[in-house]
>>> print(open('run-v8.pdb').read())   # PDB, C-alpha atoms
ATOM      1  CA  MET M  15       0.000   0.000   0.000
ATOM      2  CA  ALA M  16       1.345   3.419  -0.952
ATOM      3  CA  ASP M  17       1.897   6.151   1.635
ATOM      4  CA  GLN M  18      -1.098   8.449   2.062
ATOM      5  CA  ILE M  19      -0.667  11.878   0.501
ATOM      6  CA  HIS M  20      -2.102  14.842   2.437
ATOM      7  CA  TRP M  21      -3.573  18.076   1.074
ATOM      8  CA  ASP M  22      -1.161  20.110   3.202
ATOM      9  CA  ASP M  23       1.847  18.609   1.427
ATOM     10  CA  VAL M  24       0.649  19.217  -2.134
ATOM     11  CA  GLU M  25       1.917  22.216  -4.072
ATOM     12  CA  GLU M  26       0.571  23.786  -7.246
ATOM     13  CA  GLY M  27       2.755  22.735 -10.153
ATOM     14  CA  GLN M  28       3.524  19.321  -8.651
ATOM     15  CA  GLU M  29       3.635  16.580 -11.298
ATOM     16  CA  PHE M  30       3.310  12.790 -11.262
ATOM     17  CA  SER M  31       3.122  10.164 -13.983
ATOM     18  CA  LEU M  32       3.023   6.509 -15.080
ATOM     19  CA  ASN M  33       4.940   4.927 -17.937
ATOM     20  CA  GLU M  34       2.701   2.361 -19.633
ATOM     21  CA  PRO M  35       3.871  -0.084 -22.340
ATOM     22  CA  MET M  36       1.098  -0.611 -24.900
ATOM     23  CA  SER M  37       1.706  -4.072 -26.338
ATOM     24  CA  SER M  38      -0.856  -5.851 -28.517
ATOM     25  CA  GLN M  39      -1.404  -8.240 -25.588
ATOM     26  CA  ARG M  40      -2.286  -5.296 -23.353
ATOM     27  CA  LEU M  41      -4.984  -4.210 -25.777
ATOM     28  CA  VAL M  42      -6.425  -7.728 -25.954
ATOM     29  CA  VAL M  43      -6.630  -7.869 -22.149
ATOM     30  CA  TRP M  44      -8.444  -4.502 -22.202
ATOM     31  CA  ALA M  45     -10.834  -5.752 -24.909
ATOM     32  CA  ALA M  46     -11.808  -8.628 -22.612
ATOM     33  CA  ALA M  47     -12.174  -6.317 -19.614
ATOM     34  CA  SER M  48     -14.254  -3.706 -21.419
ATOM     35  CA  GLY M  49     -16.158  -5.692 -24.029
ATOM     36  CA  ASP M  50     -14.823  -3.431 -26.812
ATOM     37  CA  PHE M  51     -13.919  -5.852 -29.592
ATOM     38  CA  TYR M  52     -13.569  -3.383 -32.464
ATOM     39  CA  GLN M  53     -10.870  -4.877 -34.715
ATOM     40  CA  ILE M  54      -8.796  -1.696 -35.128
ATOM     41  CA  HIS M  55      -7.499  -2.473 -31.633
ATOM     42  CA  TYR M  56      -6.078  -5.974 -32.258
ATOM     43  CA  ASP M  57      -6.248  -6.998 -35.946
ATOM     44  CA  ASP M  58      -3.232  -5.733 -37.940
ATOM     45  CA  ASP M  59      -4.841  -6.370 -41.333
ATOM     46  CA  PHE M  60      -8.072  -4.674 -40.322
ATOM     47  CA  ALA M  61      -6.156  -1.625 -39.052
ATOM     48  CA  GLU M  62      -4.083  -1.441 -42.241
ATOM     49  CA  ASN M  63      -7.210  -1.660 -44.389
ATOM     50  CA  ASN M  64      -8.568   1.314 -42.449
ATOM     51  CA  ASN M  65      -5.460   3.353 -43.307
ATOM     52  CA  LEU M  66      -4.159   3.256 -39.749
ATOM     53  CA  PRO M  67      -0.404   3.149 -39.039
ATOM     54  CA  ASP M  68      -0.839   0.303 -36.528
ATOM     55  CA  ILE M  69      -3.478  -1.121 -34.223
ATOM     56  CA  ILE M  70      -4.761   1.698 -32.010
ATOM     57  CA  VAL M  71      -4.950   2.024 -28.220
ATOM     58  CA  HIS M  72      -8.587   2.134 -27.023
ATOM     59  CA  GLY M  73      -9.684   5.628 -25.992
ATOM     60  CA  ALA M  74     -11.466   4.217 -22.947
ATOM     61  CA  LEU M  75      -8.279   2.441 -21.822
ATOM     62  CA  LYS M  76      -6.466   5.793 -21.857
ATOM     63  CA  GLY M  77      -9.301   7.344 -19.862
ATOM     64  CA  MET M  78      -9.133   4.573 -17.272
ATOM     65  CA  LEU M  79      -5.317   4.769 -17.086
ATOM     66  CA  VAL M  80      -5.788   8.406 -16.120
ATOM     67  CA  GLY M  81      -8.280   7.187 -13.500
ATOM     68  CA  ARG M  82      -5.696   4.735 -12.133
ATOM     69  CA  LEU M  83      -3.046   7.454 -12.017
ATOM     70  CA  ILE M  84      -5.323   9.652  -9.916
ATOM     71  CA  ASP M  85      -6.567   6.741  -7.787
ATOM     72  CA  GLU M  86      -3.047   5.659  -6.854
ATOM     73  CA  TRP M  87      -1.937   9.252  -6.213
ATOM     74  CA  LYS M  88      -4.848  10.142  -3.904
ATOM     75  CA  GLY M  89      -4.430   7.051  -1.676
ATOM     76  CA  ASP M  90      -7.153   5.156   0.197
ATOM     77  CA  GLN M  91      -8.241   8.211   2.205
ATOM     78  CA  GLY M  92      -8.580  10.491  -0.798
ATOM     79  CA  LYS M  93     -11.659  10.696  -3.005
ATOM     80  CA  ILE M  94     -11.953  11.339  -6.728
ATOM     81  CA  LYS M  95     -14.687  13.926  -7.295
ATOM     82  CA  ASN M  96     -14.489  13.626 -11.070
ATOM     83  CA  TRP M  97     -12.157  13.237 -13.996
ATOM     84  CA  GLY M  98     -12.585  13.607 -17.704
ATOM     85  CA  VAL M  99     -10.531  13.390 -20.867
ATOM     86  CA  SER M 100     -11.005  14.241 -24.543
ATOM     87  CA  TYR M 101      -9.796  11.860 -27.228
ATOM     88  CA  ARG M 102      -8.051  14.306 -29.544
ATOM     89  CA  GLY M 103      -5.683  11.918 -31.274
ATOM     90  CA  MET M 104      -5.006   8.241 -31.912
ATOM     91  CA  ASP M 105      -2.181   6.433 -30.159
ATOM     92  CA  PRO M 106      -0.683   3.569 -32.157
ATOM     93  CA  ALA M 107       0.105   0.496 -30.044
ATOM     94  CA  ARG M 108       3.559  -1.027 -29.468
ATOM     95  CA  GLN M 109       4.988   2.078 -27.834
ATOM     96  CA  ASP M 110       5.133   3.388 -24.267
ATOM     97  CA  LEU M 111       2.619   6.047 -23.271
ATOM     98  CA  THR M 112       3.126   8.501 -20.427
ATOM     99  CA  VAL M 113       0.036   9.094 -18.302
ATOM    100  CA  TRP M 114       0.518  12.306 -16.374
ATOM    101  CA  GLY M 115      -1.060  14.663 -13.866
ATOM    102  CA  LYS M 116      -0.192  18.184 -12.754
ATOM    103  CA  VAL M 117      -1.612  20.117  -9.812
ATOM    104  CA  THR M 118      -3.204  23.356 -11.036
ATOM    105  CA  LYS M 119      -5.145  24.547  -7.986
ATOM    106  CA  LYS M 120      -5.267  23.836  -4.257
ATOM    107  CA  TYR M 121      -8.288  25.143  -2.325
ATOM    108  CA  GLU M 122     -11.008  24.429   0.190
ATOM    109  CA  ASP M 123     -14.716  24.398  -0.587
ATOM    110  CA  ASP M 124     -17.694  23.436   1.547
ATOM    111  CA  GLY M 125     -15.485  21.748   4.122
ATOM    112  CA  GLU M 126     -13.468  19.745   1.625
ATOM    113  CA  ALA M 127      -9.741  20.087   0.899
ATOM    114  CA  LEU M 128      -9.595  19.943  -2.876
ATOM    115  CA  ILE M 129      -7.008  19.652  -5.621
ATOM    116  CA  ASP M 130      -7.594  20.435  -9.298
ATOM    117  CA  LEU M 131      -5.421  18.647 -11.835
ATOM    118  CA  ASP M 132      -4.587  18.797 -15.484
ATOM    119  CA  VAL M 133      -4.184  15.267 -16.783
ATOM    120  CA  GLY M 134      -3.248  13.670 -20.061
ATOM    121  CA  VAL M 135      -1.567  10.986 -22.123
ATOM    122  CA  ALA M 136       1.581  11.615 -24.147
ATOM    123  CA  GLN M 137       3.414   9.649 -26.822
ATOM    124  CA  PRO M 138       7.217   9.161 -26.615
ATOM    125  CA  ASP M 139       7.805  12.190 -28.871
ATOM    126  CA  GLY M 140       5.708  14.368 -26.551
ATOM    127  CA  THR M 141       2.553  14.445 -28.683
ATOM    128  CA  GLN M 142      -0.445  14.990 -26.404
ATOM    129  CA  THR M 143      -3.532  13.025 -27.453
ATOM    130  CA  THR M 144      -5.801  12.869 -24.417
ATOM    131  CA  PRO M 145      -6.023  16.135 -22.454
ATOM    132  CA  GLY M 146      -8.309  16.424 -19.464
ATOM    133  CA  THR M 147      -8.924  17.642 -15.949
ATOM    134  CA  ALA M 148      -9.763  16.141 -12.564
ATOM    135  CA  THR M 149     -10.735  17.163  -9.051
ATOM    136  CA  VAL M 150      -9.678  15.189  -5.970
ATOM    137  CA  ALA M 151     -10.419  15.593  -2.262
ATOM    138  CA  LEU M 152      -7.494  14.778   0.034
ATOM    139  CA  PRO M 153      -7.275  14.365   3.820
ATOM    140  CA  LYS M 154      -5.643  17.110   5.858
ATOM    141  CA  ARG M 155      -3.040  16.443   8.528
TER     142      ARG M 155
ATOM    143  CA  MET K   8     -27.667  14.354 -47.178
ATOM    144  CA  ALA K   9     -25.281  14.705 -44.261
ATOM    145  CA  GLU K  10     -23.193  17.498 -45.798
ATOM    146  CA  GLU K  11     -26.380  19.326 -46.847
ATOM    147  CA  LEU K  12     -27.711  19.390 -43.304
ATOM    148  CA  GLU K  13     -27.819  23.054 -42.221
ATOM    149  CA  ASP K  14     -29.429  22.663 -38.809
ATOM    150  CA  LEU K  15     -30.555  19.951 -36.419
ATOM    151  CA  THR K  16     -33.689  18.216 -37.639
ATOM    152  CA  ASP K  17     -36.863  18.475 -35.568
ATOM    153  CA  GLU K  18     -36.344  14.821 -34.632
ATOM    154  CA  MET K  19     -32.845  15.623 -33.329
ATOM    155  CA  LYS K  20     -34.058  18.636 -31.349
ATOM    156  CA  ALA K  21     -36.790  16.535 -29.781
ATOM    157  CA  ALA K  22     -34.249  13.868 -28.769
ATOM    158  CA  VAL K  23     -32.364  16.174 -26.392
ATOM    159  CA  GLY K  24     -33.187  15.216 -22.822
ATOM    160  CA  GLN K  25     -34.750  11.925 -23.873
ATOM    161  CA  GLU K  26     -33.773   8.504 -22.588
ATOM    162  CA  THR K  27     -31.724   6.471 -25.070
ATOM    163  CA  GLY K  28     -30.990   3.313 -23.186
ATOM    164  CA  ARG K  29     -31.581   1.319 -20.031
ATOM    165  CA  SER K  30     -29.299  -1.604 -19.109
ATOM    166  CA  THR K  31     -28.451  -3.806 -16.171
ATOM    167  CA  TYR K  32     -24.758  -3.970 -15.251
ATOM    168  CA  GLU K  33     -23.309  -6.751 -13.112
ATOM    169  CA  VAL K  34     -20.223  -5.926 -11.061
ATOM    170  CA  THR K  35     -18.580  -9.283 -10.497
ATOM    171  CA  THR K  36     -15.379  -9.952  -8.557
ATOM    172  CA  GLN K  37     -13.939 -11.544 -11.697
ATOM    173  CA  GLY K  38     -14.850  -8.425 -13.663
ATOM    174  CA  ILE K  39     -13.107  -6.228 -11.088
ATOM    175  CA  ARG K  40      -9.937  -8.321 -11.226
ATOM    176  CA  THR K  41      -9.927  -8.377 -15.029
ATOM    177  CA  PHE K  42     -10.415  -4.604 -15.209
ATOM    178  CA  ALA K  43      -7.732  -3.969 -12.585
ATOM    179  CA  ARG K  44      -5.295  -6.234 -14.440
ATOM    180  CA  ALA K  45      -6.030  -4.558 -17.782
ATOM    181  CA  VAL K  46      -5.472  -1.071 -16.365
ATOM    182  CA  GLY K  47      -2.266  -2.176 -14.649
ATOM    183  CA  TYR K  48      -3.130  -1.989 -10.974
ATOM    184  CA  LYS K  49      -0.719  -3.789  -8.648
ATOM    185  CA  ASP K  50      -2.538  -2.893  -5.405
ATOM    186  CA  SER K  51      -3.853  -6.115  -3.823
ATOM    187  CA  LYS K  52      -7.064  -4.463  -2.640
ATOM    188  CA  TYR K  53      -8.537  -4.834  -6.131
ATOM    189  CA  PHE K  54      -7.642  -8.532  -6.269
ATOM    190  CA  ASP K  55      -7.952  -9.873  -2.726
ATOM    191  CA  GLU K  56     -10.841  -9.266  -0.327
ATOM    192  CA  ALA K  57      -8.665  -9.630   2.789
ATOM    193  CA  ALA K  58      -6.297  -6.950   1.482
ATOM    194  CA  ALA K  59      -9.304  -4.743   0.713
ATOM    195  CA  LYS K  60     -10.618  -5.157   4.236
ATOM    196  CA  ALA K  61      -7.212  -4.294   5.674
ATOM    197  CA  ALA K  62      -7.262  -1.119   3.557
ATOM    198  CA  GLY K  63     -10.610  -0.093   5.042
ATOM    199  CA  TYR K  64     -13.052  -1.392   2.418
ATOM    200  CA  ASP K  65     -15.834  -3.163   4.281
ATOM    201  CA  GLY K  66     -18.114  -4.221   1.437
ATOM    202  CA  GLY K  67     -16.007  -6.921  -0.195
ATOM    203  CA  LEU K  68     -13.847  -6.462  -3.258
ATOM    204  CA  PRO K  69     -13.927  -2.746  -4.223
ATOM    205  CA  SER K  70     -14.292  -1.675  -7.824
ATOM    206  CA  PRO K  71     -11.575   0.636  -9.174
ATOM    207  CA  PRO K  72     -12.784   4.108 -10.184
ATOM    208  CA  GLY K  73     -14.523   3.982 -13.546
ATOM    209  CA  PHE K  74     -15.397   0.289 -13.487
ATOM    210  CA  LEU K  75     -19.151  -0.079 -13.207
ATOM    211  CA  GLY K  76     -19.467  -3.670 -14.322
ATOM    212  CA  MET K  77     -20.530  -5.108 -17.640
ATOM    213  CA  PRO K  78     -23.955  -5.005 -19.236
ATOM    214  CA  ILE K  79     -25.671  -8.371 -19.318
ATOM    215  CA  PHE K  80     -25.003  -9.858 -22.742
ATOM    216  CA  ASN K  81     -27.772 -11.825 -24.391
ATOM    217  CA  PRO K  82     -27.429 -12.396 -28.149
ATOM    218  CA  SER K  83     -31.123 -13.108 -28.539
ATOM    219  CA  ALA K  84     -31.910  -9.689 -27.095
ATOM    220  CA  ASP K  85     -29.206  -7.792 -29.008
ATOM    221  CA  GLY K  86     -30.000  -4.103 -28.994
ATOM    222  CA  ALA K  87     -32.777  -4.457 -26.461
ATOM    223  CA  GLY K  88     -32.996  -1.487 -24.132
ATOM    224  CA  ARG K  89     -31.524   0.926 -26.679
ATOM    225  CA  ARG K  90     -33.620   3.485 -28.497
ATOM    226  CA  GLU K  91     -32.609   5.292 -31.688
ATOM    227  CA  LEU K  92     -34.326   8.625 -31.245
ATOM    228  CA  PHE K  93     -33.385  10.174 -34.567
ATOM    229  CA  GLU K  94     -32.038   9.248 -37.958
ATOM    230  CA  ASN K  95     -28.326  10.035 -38.013
ATOM    231  CA  PRO K  96     -27.231  10.824 -41.597
ATOM    232  CA  PHE K  97     -23.523  10.617 -40.759
ATOM    233  CA  GLN K  98     -21.790   7.277 -41.333
ATOM    234  CA  ARG K  99     -18.517   7.632 -39.417
ATOM    235  CA  ARG K 100     -18.350   7.661 -35.627
ATOM    236  CA  LEU K 101     -15.654   8.636 -33.139
ATOM    237  CA  ASP K 102     -15.508   8.559 -29.351
ATOM    238  CA  GLY K 103     -14.807  12.166 -28.360
ATOM    239  CA  GLY K 104     -14.216  11.771 -24.657
ATOM    240  CA  THR K 105     -15.360  10.544 -21.273
ATOM    241  CA  GLU K 106     -16.004  12.089 -17.888
ATOM    242  CA  VAL K 107     -16.520  10.021 -14.732
ATOM    243  CA  GLU K 108     -18.098  11.183 -11.485
ATOM    244  CA  PRO K 109     -17.723   8.477  -8.795
ATOM    245  CA  ILE K 110     -20.283   9.045  -6.045
ATOM    246  CA  GLU K 111     -20.377   5.896  -3.904
ATOM    247  CA  GLN K 112     -17.921   2.999  -3.657
ATOM    248  CA  VAL K 113     -19.023   0.050  -5.817
ATOM    249  CA  TYR K 114     -18.266  -3.535  -4.747
ATOM    250  CA  GLY K 115     -18.225  -6.968  -6.318
ATOM    251  CA  GLY K 116     -21.769  -8.336  -6.240
ATOM    252  CA  ASP K 117     -23.450  -4.999  -6.901
ATOM    253  CA  VAL K 118     -26.015  -4.879  -9.692
ATOM    254  CA  LEU K 119     -26.491  -1.477 -11.285
ATOM    255  CA  GLU K 120     -29.221  -0.029 -13.445
ATOM    256  CA  ALA K 121     -27.783   2.339 -16.064
ATOM    257  CA  ILE K 122     -30.055   4.924 -17.672
ATOM    258  CA  SER K 123     -28.652   7.057 -20.507
ATOM    259  CA  ARG K 124     -30.011  10.222 -22.022
ATOM    260  CA  ILE K 125     -28.881  12.792 -24.563
ATOM    261  CA  THR K 126     -27.904  16.074 -22.919
ATOM    262  CA  THR K 127     -26.912  18.169 -25.962
ATOM    263  CA  LEU K 128     -26.738  17.867 -29.732
ATOM    264  CA  GLU K 129     -24.757  20.285 -31.867
ATOM    265  CA  LEU K 130     -24.105  20.488 -35.577
ATOM    266  CA  THR K 131     -20.740  22.022 -36.398
ATOM    267  CA  GLN K 132     -18.128  22.342 -39.114
ATOM    268  CA  SER K 133     -14.899  20.474 -38.342
ATOM    269  CA  ARG K 134     -11.709  19.742 -40.271
ATOM    270  CA  LEU K 135     -13.306  16.368 -41.091
ATOM    271  CA  GLY K 136     -16.366  18.078 -42.568
ATOM    272  CA  LYS K 137     -19.772  18.638 -41.065
ATOM    273  CA  MET K 138     -20.007  16.965 -37.667
ATOM    274  CA  LEU K 139     -22.764  16.086 -35.204
ATOM    275  CA  ILE K 140     -21.586  16.287 -31.579
ATOM    276  CA  GLN K 141     -23.731  14.323 -29.150
ATOM    277  CA  ASN K 142     -23.209  14.617 -25.410
ATOM    278  CA  SER K 143     -24.841  12.002 -23.217
ATOM    279  CA  GLU K 144     -25.049  11.190 -19.540
ATOM    280  CA  THR K 145     -25.504   7.773 -17.956
ATOM    281  CA  VAL K 146     -26.602   7.478 -14.336
ATOM    282  CA  TYR K 147     -25.769   4.234 -12.512
ATOM    283  CA  THR K 148     -28.038   3.244  -9.631
ATOM    284  CA  ARG K 149     -27.394   0.293  -7.301
ATOM    285  CA  GLN K 150     -30.451  -1.923  -7.318
ATOM    286  CA  SER K 151     -30.108  -3.146  -3.714
ATOM    287  CA  ASP K 152     -30.477   0.279  -2.076
ATOM    288  CA  GLY K 153     -31.461   2.714  -4.848
ATOM    289  CA  GLN K 154     -28.263   4.719  -4.352
ATOM    290  CA  ILE K 155     -26.802   6.571  -7.342
ATOM    291  CA  VAL K 156     -23.198   5.329  -7.368
ATOM    292  CA  ALA K 157     -21.744   7.114 -10.407
ATOM    293  CA  LYS K 158     -22.410   9.220 -13.450
ATOM    294  CA  LYS K 159     -20.584   9.020 -16.749
ATOM    295  CA  ARG K 160     -20.724  11.638 -19.449
ATOM    296  CA  GLY K 161     -19.583  10.911 -22.975
ATOM    297  CA  THR K 162     -19.151  12.733 -26.255
ATOM    298  CA  GLY K 163     -19.929  10.998 -29.524
ATOM    299  CA  LEU K 164     -18.803  12.484 -32.836
ATOM    300  CA  SER K 165     -20.525  11.627 -36.133
ATOM    301  CA  TYR K 166     -19.196  12.973 -39.436
TER     302      TYR K 166
END
>>> encode(input="run-v8.pdb", output="structure tokens")
Amino acid sequence: MADQIHWDDVEEGQEFSLNEPMSSQRLVVWAAASGDFYQIHYDDDFAENNNLPDIIVHGALKGMLVGRLIDEWKGDQGKIKNWGVSYRGMDPARQDLTVWGKVTKKYEDDGEALIDLDVGVAQPDGTQTTPGTATVALPKR
Amino acid sequence: MAEELEDLTDEMKAAVGQETGRSTYEVTTQGIRTFARAVGYKDSKYFDEAAAKAAGYDGGLPSPPGFLGMPIFNPSADGAGRRELFENPFQRRLDGGTEVEPIEQVYGGDVLEAISRITTLELTQSRLGKMLIQNSETVYTRQSDGQIVAKKRGTGLSY
């Protein structure tokens, strides 16, 4: 179990991230978990016939990787208020993706100690495909 | 027809706010473990009930944020529960994005009723041509106690 992060110790501008290999096997496991069996995510010939450079990482998998990033960062005593991402670009598989978060605002509202985040997914060359935001409540010391 | 569309049709305008689907989602412990594995969790609380209890989760195996089970699949009832409220002249579809609002912790064994409705429809010009942007919201309610456990909002792009 990870150490619990506290609101008091968070600073605006703080960043955290995951490095996630996106193998074809990973996408097949996600297809089983999500029920999304669209062939552009696992069938090389199908992807090529749709003019894609490779099989493509599921948008929903990227959204849930952002959810995991936030979930692990907030710890068991934190609470995700919401998170959302836009799918602005395709991510070909068989490369590592960086799932990242950055603290943009630290404040209190209605008795809760809150953190706003920018979140996203980046390709190895820095291309951002999945920008979004999140709000998390953290415990105070 | 799609490129000639200048405004939302009356059928489209009438669809805003209307229910588009109603499904039953089962949150199984196997489903939780499969989801957690696929997303890359290593934390035992999503795989082992004893570890979950030690971490303070008292309802069994907790569901990771965003996992609200799987709709019951029945090939003989394919499409049941879904309503097409308007004729969509656009042939290509893209998933534009997702927003999740977790409200209550979900556990293995929960059964959820999911009700979806269209919240906005907009016709716009994009770099891909004319595009219909549909925003929807799905509300997930736990059947055992009537508690709303989560809301998901999604954007669908047709062009």
>>> resolve_selection(input="run-v8.pdb", expression="the ChimeraX specification (/K :<6) & /M", output="list in words")
Val43, Trp44, Ala47, Leu79, Asn96, Trp97, Gly98, Val99, Ser100 and Tyr101 of chain M
>>> resolve_selection(input="run-v8.pdb", expression="the PyMOL selection byres ((chain M and resi 76) around 10)", output="list in words")
Val71, His72, Gly73, Ala74, Leu75, Gly77, Met78, Leu79, Val80, Gly81, Arg82, Val99, Ser100, Tyr101, Asp105, Leu111, Val113, Gly134, Val135, Thr143 and Thr144 of chain M; Val46 of chain K
>>> residues_around(input="run-v8.pdb", residues="segment 133-142 of chain K", least_positions_apart="3", cutoff="9 Å", atoms="all atoms listed in the file", output="PyMOL selection string")
chain K and resi 9-12+15+95+97+103+124-130+160-166
>>> write_last_selection(input="run-v8.pdb", atoms="C-alpha atoms", output="PDB file, keeping the file's coordinate frame")
ATOM      1  CA  ALA K   9     -25.281  14.705 -44.261  1.00  0.00           C
ATOM      2  CA  GLU K  10     -23.193  17.498 -45.798  1.00  0.00           C
ATOM      3  CA  GLU K  11     -26.380  19.326 -46.847  1.00  0.00           C
ATOM      4  CA  LEU K  12     -27.711  19.390 -43.304  1.00  0.00           C
ATOM      5  CA  LEU K  15     -30.555  19.951 -36.419  1.00  0.00           C
ATOM      6  CA  ASN K  95     -28.326  10.035 -38.013  1.00  0.00           C
ATOM      7  CA  PHE K  97     -23.523  10.617 -40.759  1.00  0.00           C
ATOM      8  CA  GLY K 103     -14.807  12.166 -28.360  1.00  0.00           C
ATOM      9  CA  ARG K 124     -30.011  10.222 -22.022  1.00  0.00           C
ATOM     10  CA  ILE K 125     -28.881  12.792 -24.563  1.00  0.00           C
ATOM     11  CA  THR K 126     -27.904  16.074 -22.919  1.00  0.00           C
ATOM     12  CA  THR K 127     -26.912  18.169 -25.962  1.00  0.00           C
ATOM     13  CA  LEU K 128     -26.738  17.867 -29.732  1.00  0.00           C
ATOM     14  CA  GLU K 129     -24.757  20.285 -31.867  1.00  0.00           C
ATOM     15  CA  LEU K 130     -24.105  20.488 -35.577  1.00  0.00           C
ATOM     16  CA  ARG K 160     -20.724  11.638 -19.449  1.00  0.00           C
ATOM     17  CA  GLY K 161     -19.583  10.911 -22.975  1.00  0.00           C
ATOM     18  CA  THR K 162     -19.151  12.733 -26.255  1.00  0.00           C
ATOM     19  CA  GLY K 163     -19.929  10.998 -29.524  1.00  0.00           C
ATOM     20  CA  LEU K 164     -18.803  12.484 -32.836  1.00  0.00           C
ATOM     21  CA  SER K 165     -20.525  11.627 -36.133  1.00  0.00           C
ATOM     22  CA  TYR K 166     -19.196  12.973 -39.436  1.00  0.00           C
TER      23      TYR K 166
END
>>> residues_around(input="run-v8.pdb", residues="Ala61 of chain M", least_positions_apart="5", cutoff="12 Å", atoms="all atoms listed in the file", output="list in words")
Tyr52, Gln53, Ile54, His55, Tyr56, Leu66, Pro67, Asp68, Ile69, Ile70, Val71, Pro106 and Ala107 of chain M
>>> write_last_selection(input="run-v8.pdb", atoms="C-alpha atoms", output="mmCIF file, in the coordinates of the input")
data_model
loop_
_atom_site.group_PDB
_atom_site.id
_atom_site.type_symbol
_atom_site.label_atom_id
_atom_site.label_comp_id
_atom_site.auth_asym_id
_atom_site.auth_seq_id
_atom_site.Cartn_x
_atom_site.Cartn_y
_atom_site.Cartn_z
ATOM 1 C CA TYR M 52 -13.569 -3.383 -32.464
ATOM 2 C CA GLN M 53 -10.870 -4.877 -34.715
ATOM 3 C CA ILE M 54 -8.796 -1.696 -35.128
ATOM 4 C CA HIS M 55 -7.499 -2.473 -31.633
ATOM 5 C CA TYR M 56 -6.078 -5.974 -32.258
ATOM 6 C CA LEU M 66 -4.159 3.256 -39.749
ATOM 7 C CA PRO M 67 -0.404 3.149 -39.039
ATOM 8 C CA ASP M 68 -0.839 0.303 -36.528
ATOM 9 C CA ILE M 69 -3.478 -1.121 -34.223
ATOM 10 C CA ILE M 70 -4.761 1.698 -32.010
ATOM 11 C CA VAL M 71 -4.950 2.024 -28.220
ATOM 12 C CA PRO M 106 -0.683 3.569 -32.157
ATOM 13 C CA ALA M 107 0.105 0.496 -30.044
#
>>> resolve_selection(input="run-v8.pdb", expression="the PyMOL selection byres ((chain K and resi 24-34) around 9)", output="PyMOL selection string")
chain K and resi 21-23+35-39+70+74-79+87-92+113-127+143+145+147
>>> residues_around(input="run-v8.pdb", residues="Thr118 of chain M", least_positions_apart="2", cutoff="6 Å", atoms="all atoms listed in the file", output="MDAnalysis selection string")
chainID M and resid 26 130:131
>>> atom_distance(input="run-v8.pdb", atom1="atom CA of Gln137 of chain M", atom2="atom CA of Lys116 of chain M")
16.8 Å
>>> atom_distance(input="run-v8.pdb", atom1="atom CA of His20 of chain M", atom2="atom CA of Pro35 of chain M")
29.5 Å
>>> axis_aligned_box(input="run-v8.pdb", around="segment 45-50 of chain M", padding_each_side="4 Å", output="lines of an AutoDock Vina configuration file")
center_x = -13.5
center_y = -6.0
center_z = -23.2
size_x = 13.3
size_y = 13.2
size_z = 15.2
>>> atom_distance(input="run-v8.pdb", atom1="atom CA of Glu29 of chain M", atom2="atom CA of Tyr53 of chain K")
25.2 Å
>>> residues_near_point(input="run-v8.pdb", point="(1.6, 20.3, -7.0)", cutoff="12 Å", atoms="all atoms listed in the file", output="PyMOL selection string")
chain M and resi 19-30+87+115-121+128-132
>>> residues_around(input="run-v8.pdb", residues="Gly89 of chain M", least_positions_apart="2", cutoff="7 Å", atoms="all atoms listed in the file", output="NGL selection string")
:M and (16 or 18-19 or 85-87 or 91-92)
>>> closest_residue(input="run-v8.pdb", among="M:Asp59, M:Thr149, M:Leu41, M:Met36", to="Lys95 of chain M", atoms="all atoms listed in the file")
M:Thr149
>>> build_atoms(input="run-v8.pdb", residues="segment 104-113 of chain M", atoms="N, CA and C atoms", output="PDB file, in the frame of the given file")
ATOM      1  N   MET M 104      -5.190   9.680 -32.061  1.00  0.00           N
ATOM      2  CA  MET M 104      -5.006   8.241 -31.912  1.00  0.00           C
ATOM      3  C   MET M 104      -3.596   7.931 -31.434  1.00  0.00           C
ATOM      4  N   ASP M 105      -3.488   6.895 -30.620  1.00  0.00           N
ATOM      5  CA  ASP M 105      -2.181   6.433 -30.159  1.00  0.00           C
ATOM      6  C   ASP M 105      -1.931   5.039 -30.721  1.00  0.00           C
ATOM      7  N   PRO M 106      -1.020   4.912 -31.678  1.00  0.00           N
ATOM      8  CA  PRO M 106      -0.683   3.569 -32.157  1.00  0.00           C
ATOM      9  C   PRO M 106      -0.115   2.717 -31.021  1.00  0.00           C
ATOM     10  N   ALA M 107      -0.394   1.409 -31.071  1.00  0.00           N
ATOM     11  CA  ALA M 107       0.105   0.496 -30.044  1.00  0.00           C
ATOM     12  C   ALA M 107       1.598   0.235 -30.261  1.00  0.00           C
ATOM     13  N   ARG M 108       2.159  -0.614 -29.405  1.00  0.00           N
ATOM     14  CA  ARG M 108       3.559  -1.027 -29.468  1.00  0.00           C
ATOM     15  C   ARG M 108       4.515   0.123 -29.221  1.00  0.00           C
ATOM     16  N   GLN M 109       4.116   1.023 -28.334  1.00  0.00           N
ATOM     17  CA  GLN M 109       4.988   2.078 -27.834  1.00  0.00           C
ATOM     18  C   GLN M 109       4.578   2.355 -26.386  1.00  0.00           C
ATOM     19  N   ASP M 110       5.459   3.015 -25.638  1.00  0.00           N
ATOM     20  CA  ASP M 110       5.133   3.388 -24.267  1.00  0.00           C
ATOM     21  C   ASP M 110       4.365   4.705 -24.281  1.00  0.00           C
ATOM     22  N   LEU M 111       3.333   4.789 -23.453  1.00  0.00           N
ATOM     23  CA  LEU M 111       2.619   6.047 -23.271  1.00  0.00           C
ATOM     24  C   LEU M 111       2.880   6.564 -21.863  1.00  0.00           C
ATOM     25  N   THR M 112       2.980   7.864 -21.733  1.00  0.00           N
ATOM     26  CA  THR M 112       3.126   8.501 -20.427  1.00  0.00           C
ATOM     27  C   THR M 112       1.784   9.069 -20.002  1.00  0.00           C
ATOM     28  N   VAL M 113       1.296   8.602 -18.866  1.00  0.00           N
ATOM     29  CA  VAL M 113       0.036   9.094 -18.302  1.00  0.00           C
ATOM     30  C   VAL M 113       0.416  10.045 -17.184  1.00  0.00           C
TER      31      VAL M 113
END
